[in-house]
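What follows is a set of notes on a single structure, which appears directly below.
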Amino acid sequence: ILACVIMLLTYKETLLESQKKIVFGVIVLVALFSTGYLVGNTIYMSLTSWSKGLVHWHADFEIWICDQKVVLPEPTGLANRVGTDEVHHHGDYRIHLEGVIDERSDAALGHFFDEIDVPFSNEMILNMENGDHCPDGKKGNVTMLVDGKLYEGNYRDYVISPYSQVPPGDFIEIVFE
């Protein structure tokens, strides 16, 4: 479209009226095709994805190891995020799920921690595994609380609640002690 507009402006005095109509027709066809593609792709993603369309979900989280809150790496660069476009944090201790979620597993806590490069399971968080000792000499274990309640399933499979505001969105605490 830009090339056609530049051509029209550059050669407006020398183009015949029929040539101007052809260039204008090309602009209209490109605009219609682009719009049709975007609309069709959006409808297709909405029908075939697990989320059935665009989402913007959040959950707050904290990680505690041996009574010390873990400070995660801050985002760098223009993107201002750690993770991907779809699942990330901004250094705000908030999980951001944004866009189309293709599979249920893409909205799971394990996927988030994989994308921000933090080892995480029912048996480990960061560099601490169940049975490792805290500085006070006590053996620790990983536990996870969701909204203050002990979560007993597979931590990695937990899918955050579909809310953009916290609360009612989840507050997830992962504790090694």
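Letters A, B, ... go to the chains of the structure tokens in the order shown; residues in each chain start at 1; ligands are counted from 1 in the same order.
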
Got a sec: who's within 9 Å of Val5 of chain A, counting only C-alpha atoms, leaving out chain neighbours fewer than 5 positions off, as a PDB file with N, CA, C and O atoms, in the first residue's frame?
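The file below, result_22.pdb, is the result:
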```
ATOM      1  N   THR A  10       4.476  10.397  -6.484  1.00  0.00           N
ATOM      2  CA  THR A  10       5.645  10.702  -7.311  1.00  0.00           C
ATOM      3  C   THR A  10       5.257  10.957  -8.765  1.00  0.00           C
ATOM      4  O   THR A  10       5.774  11.877  -9.406  1.00  0.00           O
ATOM      5  N   VAL A  23      -3.921   1.556  -9.741  1.00  0.00           N
ATOM      6  CA  VAL A  23      -3.136   1.643  -8.502  1.00  0.00           C
ATOM      7  C   VAL A  23      -4.077   1.720  -7.300  1.00  0.00           C
ATOM      8  O   VAL A  23      -3.867   1.052  -6.282  1.00  0.00           O
ATOM      9  N   PHE A  24      -5.135   2.516  -7.398  1.00  0.00           N
ATOM     10  CA  PHE A  24      -6.106   2.603  -6.315  1.00  0.00           C
ATOM     11  C   PHE A  24      -6.766   1.237  -6.081  1.00  0.00           C
ATOM     12  O   PHE A  24      -6.972   0.823  -4.944  1.00  0.00           O
ATOM     13  N   ILE A  27      -4.495  -0.908  -4.078  1.00  0.00           N
ATOM     14  CA  ILE A  27      -4.543  -0.515  -2.660  1.00  0.00           C
ATOM     15  C   ILE A  27      -5.767  -1.134  -1.988  1.00  0.00           C
ATOM     16  O   ILE A  27      -5.665  -1.705  -0.897  1.00  0.00           O
TER      17      ILE A  27
END
```

Counting only C-alpha atoms, give me one row per residue of segment 12-72 of chain A with an atom at most 7 Å from an atom of segment 96-116 of chain A, showing the shortest contact pair and its distance in Å to one decimal, sorted by chain then residue number, as CSV.
```
residue,atom,partner,partner_atom,distance
A:Ser49,CA,A:Asp102,CA,4.4
A:Trp50,CA,A:Glu103,CA,5.1
A:Ser51,CA,A:Ile101,CA,5.2
A:Gly53,CA,A:Val100,CA,5.7
A:Leu54,CA,A:Val100,CA,4.7
A:Val55,CA,A:Gly99,CA,5.3
A:His56,CA,A:Glu98,CA,4.5
A:Trp57,CA,A:Leu97,CA,5.0
A:His58,CA,A:His96,CA,4.9
```

Find the distance between atom CA of Gly83 of chain A and atom CA of Asp117 of chain A and write it in Å to one decimal. 8.1 Å

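In terms of minimum interatomic distance to Asn141 of chain A, A:Ser121 ranks closest within A:Ser121, A:Thr76, A:Ser46, A:Asn154, counting only C-alpha atoms.
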
Quick one: residues within 7 Å of segment 62-65 of chain A, only C-alpha atoms counted, chain neighbours fewer than 4 positions away excluded, as a list of chain:residue names?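 Skipping anything fewer than 4 positions along the chain leaves A:Lys69, A:Val70, A:Tyr93, A:Ile172, A:Glu173, A:Ile174, A:Val175, A:Phe176, A:Glu177.
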
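The two atoms in question, atom CA of Lys20 of chain A and atom CA of Ala3 of chain A, are spaced 13.3 Å apart.
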
Nearest to Ser161 of chain A among A:Val30, A:Gly25, A:His89, A:Asp60, with distances taken over only C-alpha atoms: which residue is it?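 Nearest to Ser161 of chain A: A:Asp60.
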
What are the DSSP strand (DSSP E or B) residues of segment 60-100 of chain A, as a short mmCIF file (atom, residue, chain, number, x, y, z; two decimals) with N, CA, C and O atoms, in the first residue's frame?
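Final output, saved to states_9.cif:
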```
data_model
loop_
_atom_site.label_atom_id
_atom_site.label_comp_id
_atom_site.auth_asym_id
_atom_site.auth_seq_id
_atom_site.Cartn_x
_atom_site.Cartn_y
_atom_site.Cartn_z
N ASP A 60 -0.77 -13.47 41.19
CA ASP A 60 0.41 -13.03 41.95
C ASP A 60 1.12 -14.25 42.52
O ASP A 60 0.48 -15.28 42.80
N PHE A 61 2.43 -14.15 42.68
CA PHE A 61 3.19 -15.28 43.23
C PHE A 61 4.36 -14.78 44.07
O PHE A 61 4.85 -13.66 43.87
N GLU A 62 4.76 -15.62 44.99
CA GLU A 62 5.97 -15.40 45.78
C GLU A 62 6.68 -16.73 45.92
O GLU A 62 6.03 -17.78 45.98
N ILE A 63 7.99 -16.67 46.01
CA ILE A 63 8.81 -17.86 46.27
C ILE A 63 9.60 -17.58 47.54
O ILE A 63 10.27 -16.54 47.64
N TRP A 64 9.51 -18.48 48.49
CA TRP A 64 10.23 -18.36 49.75
C TRP A 64 11.12 -19.57 49.93
O TRP A 64 10.67 -20.71 49.80
N ILE A 65 12.40 -19.34 50.20
CA ILE A 65 13.33 -20.42 50.49
C ILE A 65 13.98 -20.14 51.84
O ILE A 65 14.62 -19.10 52.03
N GLN A 68 13.37 -16.79 53.39
CA GLN A 68 13.86 -15.64 52.64
C GLN A 68 13.08 -15.54 51.32
O GLN A 68 13.02 -16.51 50.56
N LYS A 69 12.50 -14.37 51.05
CA LYS A 69 11.80 -14.18 49.78
C LYS A 69 12.81 -14.14 48.65
O LYS A 69 13.82 -13.44 48.72
N VAL A 82 10.19 -10.97 31.46
CA VAL A 82 10.97 -12.19 31.52
C VAL A 82 10.01 -13.30 31.12
O VAL A 82 8.98 -13.50 31.76
N GLY A 83 10.31 -14.00 30.04
CA GLY A 83 9.44 -15.03 29.50
C GLY A 83 9.09 -14.71 28.06
O GLY A 83 9.84 -14.03 27.36
N VAL A 87 3.37 -15.77 28.10
CA VAL A 87 3.50 -16.08 29.54
C VAL A 87 4.79 -15.47 30.06
O VAL A 87 5.87 -15.78 29.57
N HIS A 88 4.67 -14.56 31.04
CA HIS A 88 5.83 -13.81 31.51
C HIS A 88 5.54 -13.11 32.83
O HIS A 88 4.42 -13.15 33.33
N HIS A 89 6.57 -12.45 33.34
CA HIS A 89 6.39 -11.50 34.44
C HIS A 89 7.20 -10.26 34.09
O HIS A 89 8.08 -10.28 33.23
N ARG A 94 3.99 -11.08 39.35
CA ARG A 94 2.67 -11.35 38.82
C ARG A 94 2.85 -12.16 37.53
O ARG A 94 3.57 -11.74 36.64
N ILE A 95 2.18 -13.30 37.47
CA ILE A 95 2.18 -14.11 36.26
C ILE A 95 1.23 -13.43 35.27
O ILE A 95 0.10 -13.10 35.62
N HIS A 96 1.70 -13.24 34.07
CA HIS A 96 0.88 -12.65 33.01
C HIS A 96 0.66 -13.71 31.93
O HIS A 96 1.62 -14.19 31.34
N LEU A 97 -0.59 -14.07 31.68
CA LEU A 97 -0.96 -14.92 30.55
C LEU A 97 -1.73 -14.03 29.59
O LEU A 97 -2.80 -13.53 29.93
N GLU A 98 -1.18 -13.83 28.41
CA GLU A 98 -1.77 -12.89 27.47
C GLU A 98 -1.76 -13.48 26.07
O GLU A 98 -0.80 -14.11 25.67
N GLY A 99 -2.82 -13.24 25.34
CA GLY A 99 -2.92 -13.74 23.97
C GLY A 99 -3.79 -14.96 23.90
O GLY A 99 -4.69 -15.16 24.70
N VAL A 100 -3.51 -15.80 22.92
CA VAL A 100 -4.26 -17.04 22.72
C VAL A 100 -3.49 -18.18 23.35
O VAL A 100 -2.30 -18.35 23.07
#
```
